[in-house]
Structures are given as structure tokens and as C-alpha cells.
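Asker: You'll find upload10.txt just under this line, and it carries compact mmCIF, C-alpha atoms.
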# COMPACT_ATOMS: atom_id res chain seq x y z
CA MET A 9 38.84 56.26 59.51
CA ASN A 10 40.62 59.19 57.84
CA ILE A 11 43.53 58.05 55.62
CA GLY A 12 45.85 60.57 53.98
CA ILE A 13 48.20 59.73 51.09
CA SER A 14 50.92 62.07 49.87
CA ASP A 15 51.39 62.88 46.17
CA LYS A 16 54.75 61.11 46.14
CA ALA A 17 53.36 57.96 47.74
CA GLN A 18 50.45 57.94 45.30
CA GLY A 19 52.87 58.43 42.41
CA SER A 20 54.94 55.41 43.45
CA HIS A 21 51.85 53.15 43.61
CA PRO A 22 49.08 54.70 41.46
CA THR A 23 46.60 51.84 42.04
CA LEU A 24 46.84 51.91 45.85
CA THR A 25 43.85 54.20 46.41
CA ALA A 26 41.67 51.97 44.20
CA TRP A 27 42.67 48.88 46.21
CA LEU A 28 41.96 50.67 49.49
CA ALA A 29 38.56 51.83 48.22
CA GLY A 30 37.69 48.27 47.19
CA ALA A 31 38.65 47.13 50.70
CA GLY A 32 36.28 49.69 52.23
CA ILE A 33 38.96 52.24 53.18
CA ASP A 34 38.53 55.80 51.89
CA SER A 35 41.58 58.01 51.44
CA MET A 36 42.49 61.55 50.40
CA LEU A 37 45.56 63.25 48.99
CA ILE A 38 47.44 65.35 51.54
CA ASP A 39 50.47 67.57 51.88
CA PRO A 40 52.55 65.91 54.64
CA ALA A 41 54.04 69.28 55.55
CA ASP A 42 50.60 70.76 56.32
CA ALA A 43 50.34 70.59 60.11
CA THR A 44 46.72 71.73 60.09
CA ILE A 45 45.48 68.44 58.57
CA ARG A 46 44.90 65.67 61.09
CA GLN A 47 44.62 62.11 59.80
CA THR A 48 44.37 58.99 61.91
CA GLN A 49 46.82 57.41 59.46
CA ARG A 50 49.16 58.79 56.76
CA ILE A 51 50.88 56.97 53.90
CA LEU A 52 54.01 58.80 52.73
CA HIS A 53 56.90 58.15 50.35
CA VAL A 54 60.17 56.89 51.85
CA THR A 55 61.86 60.18 50.86
CA GLU A 56 59.41 62.01 53.15
CA ILE A 57 60.74 60.33 56.28
CA GLY A 58 61.70 63.72 57.70
CA LEU A 59 58.00 64.60 57.88
CA ALA A 60 56.88 61.20 59.16
CA ARG A 61 55.46 60.24 62.53
CA GLN A 62 55.86 56.81 64.09
CA HIS A 63 52.32 55.72 63.14
CA ASP A 64 52.77 56.66 59.48
CA ILE A 65 53.56 54.15 56.73
CA LEU A 66 56.38 54.83 54.27
CA ILE A 67 56.17 53.16 50.85
CA ASP A 68 58.25 52.97 47.67
CA PHE A 69 58.29 51.07 44.37
CA ALA A 70 61.31 48.89 43.60
CA ASP A 71 61.70 45.59 41.77
CA GLY A 72 63.47 42.86 43.65
CA PRO A 73 62.77 41.19 47.00
CA PRO A 74 59.92 42.97 48.83
CA VAL A 75 60.63 44.63 52.17
CA LEU A 76 58.48 45.16 55.26
CA ARG A 77 60.04 46.84 58.28
CA ARG A 78 57.56 47.05 61.14
CA ALA A 79 57.25 50.23 63.19
CA LYS A 80 59.52 50.58 66.21
CA ILE A 81 60.12 53.38 68.68
CA GLY A 82 60.84 56.51 66.65
CA ARG A 83 60.61 54.69 63.30
CA PRO A 84 57.51 54.26 61.10
CA THR A 85 56.58 51.14 59.15
CA THR A 86 58.26 50.87 55.74
CA LEU A 87 57.09 48.82 52.73
CA VAL A 88 59.01 48.54 49.46
CA PHE A 89 57.79 46.27 46.65
CA GLY A 90 57.58 46.09 42.88
CA PHE A 91 55.00 45.18 40.27
CA GLU A 92 55.10 41.41 40.85
CA ASP A 93 54.32 41.82 44.57
CA MET A 94 51.91 44.73 44.18
CA ALA A 95 48.69 42.82 44.93
CA PHE A 96 49.95 41.46 48.23
CA GLY A 97 51.75 44.70 49.08
CA HIS A 98 48.53 46.69 48.74
CA ALA A 99 46.72 44.09 50.84
CA LEU A 100 49.40 44.44 53.53
CA ILE A 101 49.01 48.22 53.59
CA ALA A 102 45.23 47.89 53.94
CA GLU A 103 45.57 45.48 56.86
CA LEU A 104 48.22 47.60 58.58
CA ILE A 105 45.89 50.61 58.66
CA ARG A 106 42.62 48.76 59.21
CA PRO A 107 41.26 49.02 62.80
CA ALA A 108 41.91 45.85 64.79
CA VAL A 109 38.18 45.17 65.31
CA MET A 110 37.36 45.39 61.59
CA PRO A 111 37.55 42.04 59.73
CA ALA A 112 40.02 41.83 56.86
CA CYS A 113 38.50 42.20 53.40
CA GLY A 114 39.56 42.96 49.85
CA GLU A 115 36.35 42.11 47.99
CA PRO A 116 34.10 45.14 47.30
CA ASP A 117 31.02 43.09 48.21
CA SER A 118 32.63 42.22 51.54
CA ALA A 119 33.31 45.91 52.19
CA LYS A 120 29.63 46.67 51.53
CA PHE A 121 28.67 43.84 53.89
CA LEU A 122 30.78 45.40 56.67
CA GLN A 123 29.24 48.82 55.99
CA LEU A 124 25.80 47.25 56.45
CA ALA A 125 26.96 45.55 59.65
CA ALA A 126 28.22 48.92 60.96
CA ARG A 127 24.81 50.52 60.29
CA ILE A 128 23.04 47.66 62.05
CA ALA A 129 25.46 48.01 64.97
CA ARG A 130 24.10 51.47 65.74
CA SER A 131 20.69 49.95 66.53
CA GLU A 132 19.69 47.63 69.36
CA ALA A 133 18.26 44.99 67.00
CA SER A 134 19.10 41.32 67.50
CA VAL A 135 21.28 39.96 64.69
CA LEU A 136 21.37 36.43 63.29
CA LEU A 137 24.70 35.59 61.61
CA LEU A 138 24.54 32.60 59.29
CA GLY A 139 27.33 30.98 57.33
CA GLN A 140 29.56 27.96 57.01
CA THR A 141 31.97 27.05 59.78
CA GLY A 142 35.09 29.19 59.58
CA THR A 143 33.62 32.08 57.56
CA GLY A 144 34.24 34.60 60.37
CA LYS A 145 30.90 34.91 62.15
CA GLU A 146 32.44 35.65 65.53
CA GLY A 147 34.72 38.27 63.97
CA VAL A 148 31.69 40.05 62.49
CA ALA A 149 29.93 39.80 65.86
CA ARG A 150 32.89 41.46 67.58
CA PHE A 151 32.91 44.16 64.88
CA ILE A 152 29.19 44.85 65.45
CA HIS A 153 29.81 45.13 69.20
CA ALA A 154 32.79 47.47 68.68
CA ALA A 155 30.76 49.70 66.33
CA SER A 156 27.82 49.91 68.75
CA SER A 157 27.06 52.16 71.69
CA ARG A 158 27.89 49.17 73.91
CA ALA A 159 31.53 49.03 72.79
CA GLU A 160 32.89 49.95 76.23
CA ARG A 161 30.87 47.22 77.93
CA PRO A 162 31.59 43.44 77.90
CA PHE A 163 31.44 41.23 74.82
CA VAL A 164 30.75 37.63 75.89
CA ALA A 165 30.69 34.70 73.45
CA VAL A 166 29.37 31.24 74.27
CA ASN A 167 29.41 28.19 72.02
CA CYS A 168 26.10 26.47 72.71
CA ALA A 169 27.40 23.21 71.22
CA ALA A 170 30.41 23.08 73.54
CA LEU A 171 28.53 23.10 76.86
CA PRO A 172 26.84 20.03 78.41
CA GLU A 173 23.06 20.28 78.11
CA THR A 174 22.68 19.78 81.86
CA MET A 175 24.88 22.80 82.58
CA LEU A 176 23.73 25.14 79.82
CA GLU A 177 20.89 26.76 81.76
CA ALA A 178 23.11 27.48 84.76
CA MET A 179 25.88 28.79 82.49
CA LEU A 180 23.52 31.17 80.71
CA PHE A 181 21.27 32.36 83.53
CA GLY A 182 23.39 31.70 86.62
CA HIS A 183 22.53 29.65 89.70
CA GLN A 184 22.16 29.92 93.43
CA LYS A 185 24.45 28.21 95.91
CA GLY A 186 23.18 24.68 96.54
CA ALA A 187 20.85 24.71 93.52
CA PHE A 188 22.29 21.37 92.39
CA THR A 189 24.98 18.91 93.34
CA GLY A 190 28.36 20.62 93.14
CA ALA A 191 26.97 24.18 93.30
CA ASN A 192 29.18 25.21 96.21
CA MET A 193 28.78 28.88 95.44
CA SER A 194 26.43 31.04 93.40
CA SER A 195 27.24 32.16 89.84
CA GLU A 196 25.94 35.16 87.92
CA GLY A 197 25.87 33.40 84.52
CA LEU A 198 26.79 34.71 81.09
CA PHE A 199 23.74 36.95 80.64
CA ARG A 200 24.65 38.96 83.72
CA ALA A 201 28.36 38.83 82.83
CA ALA A 202 27.45 40.61 79.58
CA ASP A 203 25.16 43.15 81.29
CA GLY A 204 25.29 46.44 79.42
CA GLY A 205 27.15 44.79 76.55
CA THR A 206 26.69 42.06 73.96
CA LEU A 207 26.15 38.30 74.26
CA LEU A 208 26.97 36.09 71.26
CA LEU A 209 25.14 32.75 71.19
CA ASP A 210 27.29 30.78 68.76
CA GLU A 211 25.94 27.54 67.27
CA VAL A 212 22.50 28.62 68.49
CA ALA A 213 20.83 25.76 66.57
CA GLU A 214 22.35 23.37 69.15
CA LEU A 215 20.26 24.82 71.99
CA PRO A 216 18.07 22.02 73.44
CA LEU A 217 14.33 22.50 72.91
CA SER A 218 13.75 22.40 76.66
CA LEU A 219 15.89 25.51 77.15
CA GLN A 220 14.53 27.54 74.24
CA PRO A 221 11.36 28.83 76.05
CA LYS A 222 13.55 30.14 78.90
CA LEU A 223 15.84 31.91 76.45
CA LEU A 224 12.81 33.40 74.69
CA ARG A 225 11.48 34.74 77.99
CA ALA A 226 14.88 36.24 78.85
CA LEU A 227 14.90 38.08 75.51
CA GLN A 228 11.30 39.27 75.76
CA GLU A 229 11.25 40.30 79.43
CA ARG A 230 14.93 41.37 79.63
CA GLU A 231 15.37 39.37 82.81
CA VAL A 232 16.80 35.99 83.81
CA LEU A 233 15.82 33.51 86.50
CA PRO A 234 18.94 31.84 87.96
CA VAL A 235 18.66 28.13 88.68
CA GLY A 236 17.42 27.70 92.21
CA ALA A 237 16.19 31.30 92.51
CA THR A 238 12.60 32.51 92.91
CA THR A 239 13.08 36.13 91.84
CA PRO A 240 14.15 37.10 88.29
CA VAL A 241 17.08 39.47 87.79
CA PRO A 242 16.87 42.30 85.19
CA VAL A 243 19.55 42.34 82.48
CA ASP A 244 20.44 44.76 79.70
CA VAL A 245 22.04 42.66 76.97
CA ARG A 246 22.09 42.82 73.19
CA ILE A 247 21.85 39.36 71.67
CA LEU A 248 23.76 38.26 68.58
CA ALA A 249 23.21 34.68 67.43
CA ALA A 250 25.25 32.65 64.97
CA GLY A 251 24.97 29.26 63.31
CA ASN A 252 26.07 27.19 60.34
CA ARG A 253 22.69 25.50 59.89
CA ASP A 254 19.57 26.90 58.25
CA LEU A 255 17.44 27.87 61.25
CA ALA A 256 14.29 28.15 59.12
CA ALA A 257 14.78 24.51 58.12
CA GLU A 258 15.35 23.61 61.78
CA VAL A 259 12.01 25.25 62.62
CA GLU A 260 10.29 23.24 59.85
CA ALA A 261 11.83 20.05 61.23
CA GLY A 262 10.57 20.84 64.75
CA ARG A 263 14.07 21.18 66.23
CA PHE A 264 13.87 24.93 66.84
CA ARG A 265 11.01 27.06 68.15
CA ALA A 266 9.45 29.41 65.59
CA ASP A 267 8.85 32.18 68.15
CA LEU A 268 12.51 32.13 69.24
CA TYR A 269 13.62 32.10 65.61
CA TRP A 270 11.66 35.27 64.86
CA ARG A 271 12.95 36.93 68.03
CA LEU A 272 16.58 36.26 66.96
CA ASN A 273 16.10 36.89 63.25
CA VAL A 274 15.40 40.63 63.41
CA MET A 275 18.42 41.44 61.22
CA PRO A 276 19.79 38.41 59.34
CA LEU A 277 23.33 38.61 57.93
CA ALA A 278 24.62 35.78 55.73
CA LEU A 279 28.37 35.36 55.31
CA LYS A 280 29.55 33.93 51.98
CA PRO A 281 32.03 31.04 51.93
CA LEU A 282 35.63 32.04 51.24
CA ALA A 283 35.49 30.42 47.78
CA GLU A 284 33.07 33.21 46.75
CA ARG A 285 35.32 35.95 48.15
CA ARG A 286 38.49 35.53 46.11
CA GLN A 287 39.94 38.98 46.78
CA ASP A 288 39.34 38.50 50.49
CA ILE A 289 41.86 35.64 50.37
CA ARG A 290 44.70 38.13 49.76
CA ALA A 291 43.50 40.44 52.53
CA ILE A 292 42.95 37.66 55.06
CA SER A 293 46.32 36.09 54.19
CA ALA A 294 48.00 39.45 54.82
CA ALA A 295 46.22 39.82 58.18
CA LEU A 296 47.08 36.26 59.24
CA LEU A 297 50.75 36.56 58.27
CA LEU A 298 51.02 39.86 60.14
CA ARG A 299 49.47 38.24 63.20
CA HIS A 300 51.62 35.12 63.21
CA ALA A 301 54.92 36.67 62.15
CA GLY A 302 55.17 38.83 65.28
CA LEU A 303 56.47 42.37 65.57
CA ASN A 304 60.16 41.41 65.70
CA ASP A 305 60.23 38.72 62.99
CA ASP A 306 60.55 39.04 59.23
CA LEU A 307 57.25 38.55 57.46
CA PRO A 308 57.55 35.81 54.81
CA TRP A 309 55.94 37.35 51.71
CA PRO A 310 54.14 34.83 49.51
CA THR A 311 55.35 34.82 45.93
CA ALA A 312 52.91 35.78 43.18
CA ALA A 313 52.64 32.08 42.23
CA ALA A 314 51.88 31.09 45.85
CA LEU A 315 49.24 33.81 46.07
CA ASP A 316 47.65 32.55 42.84
CA ARG A 317 47.50 29.05 44.28
CA LEU A 318 45.86 30.31 47.46
CA MET A 319 43.25 32.19 45.45
CA ALA A 320 42.58 29.18 43.21
CA HIS A 321 41.77 26.77 46.07
CA ASP A 322 38.12 26.30 47.08
CA TRP A 323 38.78 26.43 50.87
CA PRO A 324 36.05 24.08 52.13
CA GLY A 325 37.34 24.84 55.65
CA ASN A 326 37.15 28.59 54.92
CA VAL A 327 39.36 30.93 56.98
CA ARG A 328 40.35 28.26 59.49
CA GLU A 329 41.75 26.10 56.70
CA LEU A 330 43.57 29.08 55.18
CA GLU A 331 45.13 29.90 58.55
CA ASN A 332 46.32 26.30 58.96
CA VAL A 333 47.94 26.32 55.51
CA LEU A 334 49.72 29.63 56.14
CA GLN A 335 50.98 28.58 59.57
CA ARG A 336 52.38 25.38 58.07
CA ALA A 337 54.04 27.34 55.28
CA MET A 338 55.66 29.72 57.76
CA LEU A 339 57.07 26.78 59.72
CA MET A 340 58.09 24.57 56.79
CA ARG A 341 59.44 27.08 54.26
CA GLU A 342 63.07 26.75 53.26
CA GLY A 343 63.69 30.25 51.93
CA SER A 344 62.74 33.74 53.07
CA ARG A 345 59.49 33.68 51.08
CA ILE A 346 56.47 31.37 50.92
CA ASP A 347 56.40 29.64 47.54
CA THR A 348 53.95 27.16 46.03
CA GLY A 349 55.96 24.19 47.30
CA ASP A 350 55.51 25.42 50.88
CA LEU A 351 51.70 25.33 50.65
CA ILE A 352 50.55 21.98 52.03
CA ILE A 353 46.80 21.95 51.41
CA ASP A 354 44.73 19.18 53.03
CA ARG A 355 42.23 17.07 51.15
CA ALA A 356 38.79 17.81 52.62
CA PRO A 357 36.79 14.71 53.61
CA GLY A 358 34.62 13.57 50.72
CA LEU A 359 36.02 16.11 48.26
CA PRO A 360 38.46 15.30 45.45
CA VAL A 361 41.44 17.63 45.78
CA ALA A 362 44.48 17.25 43.58
CA GLU A 363 47.06 18.42 46.12
CA ARG A 364 48.80 15.81 48.24
CA THR A 365 49.44 16.61 51.90
CA VAL A 366 51.32 15.25 54.87
CA ALA A 367 47.99 14.72 56.61
CA ALA A 368 46.33 12.36 54.13
CA PRO A 369 47.41 9.83 51.49
CA GLN A 370 46.78 10.71 47.86
CA ASP A 371 44.80 7.55 47.09
CA ASP A 372 42.18 5.60 48.96
CA ALA A 373 44.24 2.44 49.42
CA ALA A 374 45.04 1.21 52.89
CA LEU A 375 48.17 2.75 54.38
CA SER A 376 51.31 0.66 54.41
CA LEU A 377 53.29 0.60 57.64
CA ALA A 378 55.97 2.76 56.00
CA GLU A 379 53.42 5.34 54.88
CA ALA A 380 51.76 5.38 58.30
CA LYS A 381 55.16 5.93 59.91
CA ARG A 382 55.93 8.80 57.52
CA LEU A 383 52.62 10.51 58.23
CA SER A 384 53.00 10.09 61.98
CA GLN A 385 56.54 11.46 61.82
CA ALA A 386 55.39 14.46 59.77
CA ARG A 387 52.65 15.30 62.27
CA ALA A 388 55.12 15.06 65.18
CA ILE A 389 57.53 17.43 63.41
CA GLU A 390 54.75 19.93 62.63
CA GLU A 391 53.56 19.87 66.25
CA ALA A 392 57.12 20.33 67.59
CA LEU A 393 57.75 23.29 65.29
CA ALA A 394 54.42 24.84 66.24
CA ALA A 395 55.14 24.37 69.96
CA THR A 396 58.55 26.09 69.64
CA GLY A 397 57.43 28.92 67.38
CA GLY A 398 59.33 27.50 64.39
CA HIS A 399 62.70 27.33 66.23
CA ARG A 400 64.38 24.33 64.62
CA LEU A 401 67.00 23.65 67.28
CA ARG A 402 64.45 23.60 70.12
CA ALA A 403 62.06 21.54 67.96
CA ALA A 404 64.83 18.99 67.31
CA GLN A 405 65.60 18.80 71.03
CA ARG A 406 61.90 18.28 71.73
CA LEU A 407 61.85 15.41 69.21
CA GLY A 408 65.08 13.88 70.53
CA ILE A 409 66.96 14.25 67.22
CA SER A 410 69.75 16.51 65.95
CA GLU A 411 68.98 19.74 64.14
CA ARG A 412 70.71 18.30 61.05
CA THR A 413 68.40 15.26 61.09
CA LEU A 414 65.41 17.57 61.41
CA ARG A 415 66.55 19.51 58.33
CA TYR A 416 66.81 16.27 56.33
CA ARG A 417 63.34 15.16 57.40
CA LEU A 418 61.83 18.55 56.56
CA ALA A 419 63.39 18.27 53.09
CA ASP A 420 61.88 14.79 52.70
CA MET A 421 58.45 16.12 53.73
CA ARG A 422 58.61 18.91 51.15
CA ALA A 423 59.63 16.42 48.45
CA ALA A 424 56.71 14.16 49.35
CA ALA A 425 54.13 16.97 49.44
Take the structure I supplied and represent it as C-alpha cells, if you would.
Answerer:
Amino acid sequence: MNIGISDKAQGSHPTLTAWLAGAGIDSMLIDPADATIRQTQRILHVTEIGLARQHDILIDFADGPPVLRRAKIGRPTTLVFGFEDMAFGHALIAELIRPAVMPACGEPDSAKFLQLAARIARSEASVLLLGQTGTGKEGVARFIHAASSRAERPFVAVNCAALPETMLEAMLFGHQKGAFTGANMSSEGLFRAADGGTLLLDEVAELPLSLQPKLLRALQEREVLPVGATTPVPVDVRILAAGNRDLAAEVEAGRFRADLYWRLNVMPLALKPLAERRQDIRAISAALLLRHAGLNDDLPWPTAAALDRLMAHDWPGNVRELENVLQRAMLMREGSRIDTGDLIIDRAPGLPVAERTVAAPQDDAALSLAEAKRLSQARAIEEALAATGGHRLRAAQRLGISERTLRYRLADMRAAA
């Protein structure tokens, strides 16, 4: 990725190149008037709009409310922000220019991790991705596929824990018509669906022991035997496996075959929990807000205080929890920005968290009927807002109340949070 920054743009935000470098994005100073230089992305100053192309980004420094105007036909993206919003502004720029297949990151160690993943992608080695639930294992798997020679072929992901054990073999390897009750037609299975590409076996530790020898044979012989068939079918698939449990410990406990473990564990990659990637929180928040705001809606910038609160939380649910909190804040906020009062952070089961939420009572006492009613009402309002994309009038109609009543109840929910 070749990023060019003009002198004027660099002068308006002198620390931008350092932030981009820490996020794994290299840049170079350019003259925007030099037509001989070709960059995939240019960052220019707003006064250089006459030299800008639609895919450029125009930036400026100004105190006051931050501004993001998304690119439209004939008009580039424009960002204007001051010192107080600089950290999030730089994170936004990084995520606007980052390729869609590359996971968001702001932590230098995370950038090095992605560089390692890109090098591994150029090989055909099997990769074992380990990390807590919600740390982004599937996102890294998709990045490895996109950076590989198989990028133009299918990427197929299967959650081994989500399929019934009785159907897992047929889902993976395919089946012949009439192979079992209900098999009214033959199926190629996920291995053949991913032929030439990449197959991600998510939650691989959940594979039943009875199926593991068949998976091992498929990996070793590069062929599958559909259920009910007598002749194996050759396949060309790169295997990525992922799990949130220690597979070595599963082998010791006799729940996972050692030979399959070593076949999958050619290149192990361990993802850190979000609590150990503080600067990633800014980058991931920027990426999530860009995704959920939509191209035609105003992006609600978090205030510096809200960003500090996000970075201070331990995120036991990792990125999934962060996404939930940001989606709630976008729906529940009163003003144009996300402030600390808009961040409703759940208490994780078994963990003492100081913040009170609409999803759980602050103490361990039994709920009163009034409290249970309040919590049920809050959940219904959140679900209605989510279902209508945050449109308050349609949400009120869905709930059978007036828009004015909905506003009052939202105010009560914020006061109780």
C-alpha cells in the first residue's frame, strides 16, 4: 500500500505519519501536482482540493467540533479536527485508507503481528489461530486468505461447534444421494466448496474424536470420501484452524488427537485479548463506527473522555463487546457526539465491574418487579431502535407508543445507567 502525504497536510497534523507507521501503514511525502507519482491513496490539505481526486483524503487542523464528510461522486473525503480529537482523527484516517481485508490496528505489536501473518500467507502452511472469543480470529483468517495466492478462490468458514455431530461429516466431506435418511440429493461438502481456496475450521477443538481421523486423512492425502461413496475425491484446500481453547491441553486430556494437532499446528498464531492492545481500541472503534454509521449518515465522533473510558475498560468480551457498546451508544446518544454517559458497558458474568448497565442490576439482590419491568422495557427499546436503524419515530410505532414517550423513556434509561 503506497500512501502519499503532501507537505501542507503533514504540516497541519505533524504526528500523522507516526500514527500511520505505528498502525502498520508506511507513507511518503509527495507533491500533489506531480502527475508522474502514482499512489494508491493520497492525503492532501483542504486548500489543495483543486489537485484532489475522488479517492483522496483532505485534512485540516481546526479546534471546535470535528468534521467528517465521506466521499461522494466528484468529491473526496474531508476530515477536520483539532488537538482534543487528534487521536481518534488519526485513527479514522488510518481506517479510511486501510484495505478492507486488513484488520484494524493501532498497536505497533499488532502491526508486526499482521506483517507476520502476511508472510505466512505467501506459503501453503496450515495455520492454527488461538485466542479468546471475540479477538478477531476469523478476521485474521480472511486476511491470510486475501494475502495468499488463493485470494481469487473461495474462502469458506465453518464453525465446528455450531453443527450437529451427526451432520458434521456430511457437511465437511459431502454425501451421496440416499446415503442417509433425508439425503434426497448429493452434496459436495465444504472441502470441495473451498477447492482451490481456503477452509477455516473455527472452534476446531469441538470436533468429535470419531471424526478427527477422517479429517487427518483428508489433510494428509488431499482427498475426501463423501458419506455413502466408495471412491475418494481429490481436493486442493489450504486449512486454517481456530479455537479459544488450548489444543495442547486438549491433547493431554485425550480430547484431541496428537497427530491431528501437529498437522494443524504448522504455524501457530496467538491473538492477544483486547485488554492487552489498548491502542487497537481506538483503531477498532474507528472501523466499527465507520461501518455502522453508513455512507450517508453523520459519524458520531466519541469525545476524548469517551475514548479514554473505552481504552480503560478491560473488555472481557473483546471486540464483540466493544461493538455492542458502540452500537448502543450510536442508538442511545442524545447529542451529535458519543460521550461517556452514552457508553453502557455490561457487567461480565463473574467479574466485578463498576459500571451499571441496562442489562444487569448493580447488586446481587433479587430483582424487584419494578426493576424487572424497567430492564425488560429497556431491552425492548434497544431492540426496536436496532431493528429500525435508530429511527425513533419508526421505533416508537413498533413499540406502540408515541415518539415523545420514547424520548422520555430514553432519558430515563440514560439517567439510570
Asker: Out of A:Ala249, A:Ala155, A:Val235, A:Ala125, which residue has the shortest atom-to-atom distance to Thr174 (chain A) when counting all atoms listed in the file?
Answerer: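 Ranked by minimum distance to Thr174 (chain A), first place goes to A:Val235.
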Asker: Counting only C-alpha atoms, what are the residues of region 117-151 of chain A within 12 Å of region 201-211 of chain A, and for each of them which pair of atoms is the nearest and at what distance in Å, to one decimal? Sort the table by chain and rising number, as a Markdown table.
Answerer:
| residue | atom | partner | partner_atom | distance |
| --- | --- | --- | --- | --- |
| A:Ala129 | CA | A:Thr206 | CA | 10.9 |
| A:Glu132 | CA | A:Thr206 | CA | 10.1 |
| A:Ala133 | CA | A:Thr206 | CA | 11.3 |
| A:Ser134 | CA | A:Thr206 | CA | 10.0 |
| A:Val135 | CA | A:Leu208 | CA | 9.5 |
| A:Leu136 | CA | A:Leu209 | CA | 9.5 |
| A:Leu137 | CA | A:Asp210 | CA | 9.0 |
| A:Leu138 | CA | A:Glu211 | CA | 9.6 |
| A:Gly139 | CA | A:Glu211 | CA | 10.6 |
| A:Gln140 | CA | A:Glu211 | CA | 10.9 |
| A:Thr141 | CA | A:Glu211 | CA | 9.6 |
| A:Gly144 | CA | A:Asp210 | CA | 11.5 |
| A:Lys145 | CA | A:Asp210 | CA | 8.6 |
| A:Glu146 | CA | A:Asp210 | CA | 7.8 |
| A:Gly147 | CA | A:Leu208 | CA | 10.9 |
| A:Val148 | CA | A:Leu208 | CA | 10.7 |
| A:Ala149 | CA | A:Leu208 | CA | 7.2 |
| A:Arg150 | CA | A:Leu208 | CA | 8.8 |
| A:Phe151 | CA | A:Thr206 | CA | 11.2 |
Asker: If we count only C-alpha atoms and set the cut-off at 10 Å, which residues sit around Leu122 (chain A), ignoring sequence neighbours fewer than 3 positions away in its own chain? Please answer as a PDB file with C-alpha atoms, in the frame of the given file.
Answerer:
ATOM      1  CA  GLY A  32      36.280  49.690  52.230  1.00  0.00           C
ATOM      2  CA  MET A 110      37.360  45.390  61.590  1.00  0.00           C
ATOM      3  CA  PRO A 111      37.550  42.040  59.730  1.00  0.00           C
ATOM      4  CA  ALA A 112      40.020  41.830  56.860  1.00  0.00           C
ATOM      5  CA  CYS A 113      38.500  42.200  53.400  1.00  0.00           C
ATOM      6  CA  PRO A 116      34.100  45.140  47.300  1.00  0.00           C
ATOM      7  CA  ASP A 117      31.020  43.090  48.210  1.00  0.00           C
ATOM      8  CA  SER A 118      32.630  42.220  51.540  1.00  0.00           C
ATOM      9  CA  ALA A 119      33.310  45.910  52.190  1.00  0.00           C
ATOM     10  CA  ALA A 125      26.960  45.550  59.650  1.00  0.00           C
ATOM     11  CA  ALA A 126      28.220  48.920  60.960  1.00  0.00           C
ATOM     12  CA  ARG A 127      24.810  50.520  60.290  1.00  0.00           C
ATOM     13  CA  ILE A 128      23.040  47.660  62.050  1.00  0.00           C
ATOM     14  CA  VAL A 148      31.690  40.050  62.490  1.00  0.00           C
ATOM     15  CA  PHE A 151      32.910  44.160  64.880  1.00  0.00           C
ATOM     16  CA  ILE A 152      29.190  44.850  65.450  1.00  0.00           C
TER      17      ILE A 152
END
Asker: From the list A:Met36, A:Ala43, A:Val212, A:Ala237, which residue is nearest Ala170 (chain A) when using only C-alpha atoms?
Answerer: A:Val212
Asker: Give the answer as one residue: which of A:Gln228, A:Gln184, A:Ser157, A:Thr85 has the shortest atom-to-atom distance to Leu66 (chain A), using only C-alpha atoms?
Answerer: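 Closest to Leu66 (chain A), using only C-alpha atoms: A:Thr85.
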Asker: Report, in Å to a single decimal, how far apart CA of Leu223 (chain A) and CA of Pro172 (chain A) are.
Answerer: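 It comes out at 16.3 Å.
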Asker: Excluding Gly114 (chain A) and any residue of its chain fewer than 4 positions from it, enumerate the residues within 9 Å of it, using only C-alpha atoms, and give them as JSON, numbers by chain.
Answerer: {"A": [27, 28, 30, 31, 32, 99, 102, 118, 119, 285, 286, 287, 288, 289, 290, 291, 292]}
Asker: Using 10 Å as the limit and counting all atoms listed in the file, can you tabulate each residue of region 64-97 of chain A that touches region 310-329 of chain A, with its shortest atom-to-atom distance in Å and the two atoms involved, as a Markdown table?
Answerer:
| residue | atom | partner | partner_atom | distance |
| --- | --- | --- | --- | --- |
| A:Pro73 | CA | A:Thr311 | CA | 9.8 |
| A:Pro74 | CA | A:Thr311 | CA | 9.8 |
| A:Glu92 | CA | A:Ala312 | CA | 6.5 |
| A:Asp93 | CA | A:Ala312 | CA | 6.4 |
| A:Met94 | CA | A:Ala312 | CA | 9.1 |
| A:Ala95 | CA | A:Ala312 | CA | 8.4 |
| A:Phe96 | CA | A:Pro310 | CA | 7.9 |
Asker: Using only C-alpha atoms, list the residues that have an atom at most 12 Å from (54.2, 54.3, 54.9), coordinates as in the file, as a PyMOL selection string.
Answerer: chain A and resi 11-14+16-18+20-21+24+40+49-57+59-69+75-79+83-88+97-98+100-102+104-105
Asker: Measuring atom to atom with only C-alpha atoms, identify which of A:Ala404, A:Met340, A:Val243, A:Ala388 is nearest to Arg230 (chain A).
Answerer: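 For Arg230 (chain A), the nearest of the candidates is A:Val243.
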Asker: One number please: CA of Glu177 (chain A) to CA of Gln220 (chain A), in Å, one decimal.
Answerer: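 Separation of CA of Glu177 (chain A) and CA of Gln220 (chain A): 9.9 Å.
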Asker: If you measure from CA of Ala394 (chain A) to CA of Arg336 (chain A), what distance in Å do you get, rounded to one decimal?
Answerer: 8.4 Å
Asker: Identify which of the residues A:Glu331, A:Asp244, A:Glu160, A:Glu390 lies closest to Gly142 (chain A), counting all atoms listed in the file when measuring atom-to-atom distances.
Answerer: A:Glu331
